[in-house]
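As provided, data37.tsv (TSV, C-alpha atoms) reads as follows.
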chain	number	residue	atom	x	y	z
M	283	MET	CA	16.45	32.55	47.73
M	284	SER	CA	19.37	30.14	47.43
M	285	SER	CA	22.86	31.16	46.36
M	286	TYR	CA	22.32	29.40	43.02
M	287	GLN	CA	19.04	31.19	42.31
M	288	TYR	CA	20.52	34.55	43.29
M	289	LYS	CA	23.56	34.11	41.04
M	290	LEU	CA	21.43	32.73	38.20
M	291	ARG	CA	19.19	35.81	38.29
M	292	LYS	CA	22.25	38.06	38.41
M	293	LEU	CA	23.77	36.23	35.44
M	294	GLN	CA	20.51	36.49	33.46
M	295	LYS	CA	20.35	40.22	34.16
M	296	GLU	CA	23.95	40.77	33.07
M	297	ILE	CA	23.40	38.77	29.87
M	298	LYS	CA	20.37	40.91	29.07
M	299	GLU	CA	22.46	44.07	29.59
M	300	ILE	CA	25.21	42.71	27.33
M	301	GLY	CA	22.61	41.97	24.65
M	302	ILE	CA	21.36	45.55	24.83
M	303	ARG	CA	24.91	46.93	24.55
M	304	LYS	CA	25.77	44.67	21.59
M	305	LYS	CA	22.93	46.13	19.47
M	306	LYS	CA	23.93	45.09	15.94
M	307	LYS	CA	26.45	42.46	16.98
M	308	ARG	CA	24.94	39.07	17.63
M	309	PHE	CA	25.92	36.37	20.05
M	310	LYS	CA	28.01	33.50	18.68
M	311	PRO	CA	26.25	30.12	18.24
M	312	ASN	CA	27.81	28.57	21.38
M	313	GLN	CA	26.96	31.69	23.37
M	314	LYS	CA	23.33	31.36	22.23
M	315	ILE	CA	23.35	27.74	23.41
M	316	MET	CA	24.50	28.90	26.85
M	317	ILE	CA	21.94	31.71	26.94
M	318	ASP	CA	19.12	29.27	26.15
M	319	PHE	CA	20.40	26.93	28.88
M	320	ILE	CA	20.76	29.73	31.44
M	321	ASN	CA	17.26	31.02	30.67
M	322	GLY	CA	15.75	27.54	31.05
M	323	VAL	CA	14.82	27.12	27.38
M	324	THR	CA	16.85	23.87	27.25
M	325	LYS	CA	17.63	21.30	29.98
M	326	PHE	CA	21.32	21.15	29.08
M	327	ALA	CA	23.86	22.93	26.92
M	328	GLN	CA	25.21	20.78	24.09
M	329	PHE	CA	28.35	21.76	22.21
M	330	LYS	CA	30.14	20.05	19.34
M	331	ILE	CA	33.85	20.49	19.86
M	332	ARG	CA	35.99	18.73	17.29
M	333	GLU	CA	34.69	15.14	17.22
M	334	SER	CA	33.19	15.30	20.72
M	335	LYS	CA	29.70	16.13	21.83
M	336	ILE	CA	29.87	18.02	25.14
M	337	LEU	CA	26.87	18.17	27.46
M	338	LEU	CA	26.66	20.64	30.35
M	339	TYR	CA	23.89	19.78	32.82
M	340	LYS	CA	22.54	21.76	35.76
M	341	GLY	CA	24.07	19.20	38.12
M	342	ASP	CA	24.26	19.90	41.84
M	343	ASP	CA	26.53	21.57	44.44
M	344	LYS	CA	29.46	19.31	43.48
M	345	LYS	CA	29.24	19.16	39.69
M	346	GLY	CA	27.71	20.77	36.64
M	347	PHE	CA	26.46	24.28	36.00
M	348	LYS	CA	25.06	24.75	39.49
M	349	HIS	CA	28.51	24.07	40.94
M	350	ILE	CA	30.18	26.40	38.43
M	351	LEU	CA	27.78	29.22	39.24
M	352	GLN	CA	27.86	28.82	43.02
M	353	ARG	CA	31.58	28.27	43.43
M	354	HIS	CA	33.24	30.10	40.54
M	355	TYR	CA	30.97	32.91	39.30
M	356	ASN	CA	32.03	36.21	40.89
M	357	THR	CA	33.69	34.57	43.89
M	358	ASN	CA	37.17	34.44	45.35
M	359	LYS	CA	37.54	30.81	44.16
M	360	GLY	CA	38.06	31.29	40.44
M	361	ASN	CA	36.33	34.49	39.49
M	362	LEU	CA	34.47	33.62	36.27
M	363	SER	CA	32.84	36.61	34.62
M	364	THR	CA	29.58	36.62	32.68
M	365	MET	CA	31.53	36.48	29.41
M	366	ASP	CA	33.56	33.53	30.72
M	367	ILE	CA	30.27	31.70	31.38
M	368	LEU	CA	28.96	32.57	27.90
M	369	ASN	CA	32.24	31.41	26.36
M	370	ILE	CA	32.52	28.24	28.44
M	371	SER	CA	32.75	26.15	25.27
M	372	ASP	CA	36.11	27.85	24.54
M	373	ILE	CA	37.33	27.00	28.05
M	374	ILE	CA	36.20	23.41	27.58
M	375	GLU	CA	37.94	23.19	24.21
M	376	ARG	CA	41.24	24.36	25.72
M	377	GLY	CA	40.81	21.76	28.47
M	378	ILE	CA	40.20	19.00	25.90
M	379	ARG	CA	43.30	20.00	23.92
M	380	LEU	CA	45.46	19.87	27.05
M	381	SER	CA	43.90	16.58	28.12
M	382	ASN	CA	44.60	15.04	24.71
M	383	ARG	CA	48.26	16.02	25.12
M	384	GLY	CA	48.50	14.16	28.42
M	385	VAL	CA	48.09	17.22	30.63
M	386	SER	CA	45.41	17.19	33.31
M	387	ASN	CA	42.22	19.05	32.45
M	388	LEU	CA	43.64	22.36	33.65
M	389	CYS	CA	42.96	25.39	31.52
M	390	ILE	CA	43.25	29.16	31.81
M	391	VAL	CA	40.21	31.41	31.51
M	392	SER	CA	40.37	34.87	30.00
M	393	ASN	CA	40.92	36.75	33.26
M	394	GLY	CA	43.97	34.63	34.11
M	395	ASP	CA	42.35	32.48	36.78
M	396	LYS	CA	42.67	28.71	36.55
M	397	ALA	CA	39.68	26.43	36.06
M	398	ILE	CA	39.59	22.65	36.20
M	399	ILE	CA	37.19	20.84	33.90
M	400	VAL	CA	36.33	17.27	34.90
M	401	PHE	CA	34.78	15.02	32.28
M	402	ASN	CA	32.68	11.92	32.66
M	403	HIS	CA	33.53	9.93	29.52
M	404	LEU	CA	30.35	8.59	27.93
M	405	GLY	CA	31.88	6.77	24.99
M	406	LEU	CA	34.48	8.00	22.57
M	407	THR	CA	32.68	11.02	21.13
M	408	LYS	CA	30.44	12.19	23.97
M	409	ARG	CA	31.55	13.90	27.17
M	410	SER	CA	29.58	15.28	30.04
M	411	ILE	CA	30.88	17.95	32.40
M	412	LEU	CA	30.56	16.94	36.03

In structure tokens, what does this structure look like?
Amino acid sequence: MSSYQYKLRKLQKEIKEIGIRKKKKRFKPNQKIMIDFINGVTKFAQFKIRESKILLYKGDDKKGFKHILQRHYNTNKGNLSTMDILNISDIIERGIRLSNRGVSNLCIVSNGDKAIIVFNHLGLTKRSIL
């Protein structure tokens, strides 16, 4: 089992446990998008943030969700938690706001670690995370 598959299964298990603990509370719409993507229901996660359409693809070892999971999920290099992954649209939105102000795409995740979001601009209103 590859590192990606192992971490994906771990993430799926943790999301299921969070869902059980939430009981009456439901996941937010962007969290549901991520859950569907993580569980393989959709081929990519698509968010609408302000005027932009953001697409998160599986990618590979160097970009996309596979890279995020392998390199930043529960590791020493940017320890993203399960909730950080589910709320990745919030992280992306903060990165877009900073980028629009002339700052590099550096943003802070909830646990205080830094994450860099790199965008491949696909026109004015569509961005893809690499």

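Distances from M:Met316, M:Ile297, M:Ile336, M:Leu290 to Gln352 of chain M were compared using all atoms listed in the file, and the smallest one belongs to M:Leu290.
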
Quiz item: Quick one: of M:Ile378, M:Ile373, M:Leu351, M:Ala327, who's nearest to Leu293 of chain M, counting all atoms listed in the file?
Solution: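 Selected residue with least distance to Leu293 of chain M: M:Leu351.
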
Practice problem: Find the residues near Asp342 of chain M: any atom within 12 Å, counting all atoms listed in the file, skip ones fewer than 2 places away on the same chain, and give them as a list in words. | Solution: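 These residues fall inside the cut-off: Tyr286, Leu338, Tyr339, Lys340, Lys344, Lys345, Gly346, Phe347, Lys348, His349, Ile350, Leu351, Gln352, Arg353, Ile411 and Leu412 of chain M.
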
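Among the candidate residues M:Lys305, M:Lys325, M:Lys289, M:Arg332, the one lying nearest to Thr364 of chain M is M:Lys289, with distances computed using all atoms listed in the file.
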
Exercise. Tell me which of M:Met283, M:Leu337, M:Ile374, M:Met365 sits closest to Glu299 of chain M, counting only C-alpha atoms.
Key: M:Met365

Quiz item: Quick one, how far is atom CA of Lys292 of chain M from atom CA of Asp372 of chain M?
Solution: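 Separation between atom CA of Lys292 of chain M and atom CA of Asp372 of chain M: 22.1 Å.
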
Quiz item: Do you have the atom CA of Lys298 of chain M-atom CA of Ile331 of chain M distance handy?
Solution: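 If I compute the distance from atom CA of Lys298 of chain M to atom CA of Ile331 of chain M, I get 26.1 Å.
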
Quiz item: What separation in Å, quoted to one decimal, exists between atom CA of Lys295 of chain M and atom CA of Val323 of chain M?
Solution: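 So the two atoms, atom CA of Lys295 of chain M and atom CA of Val323 of chain M, lie 15.8 Å apart.
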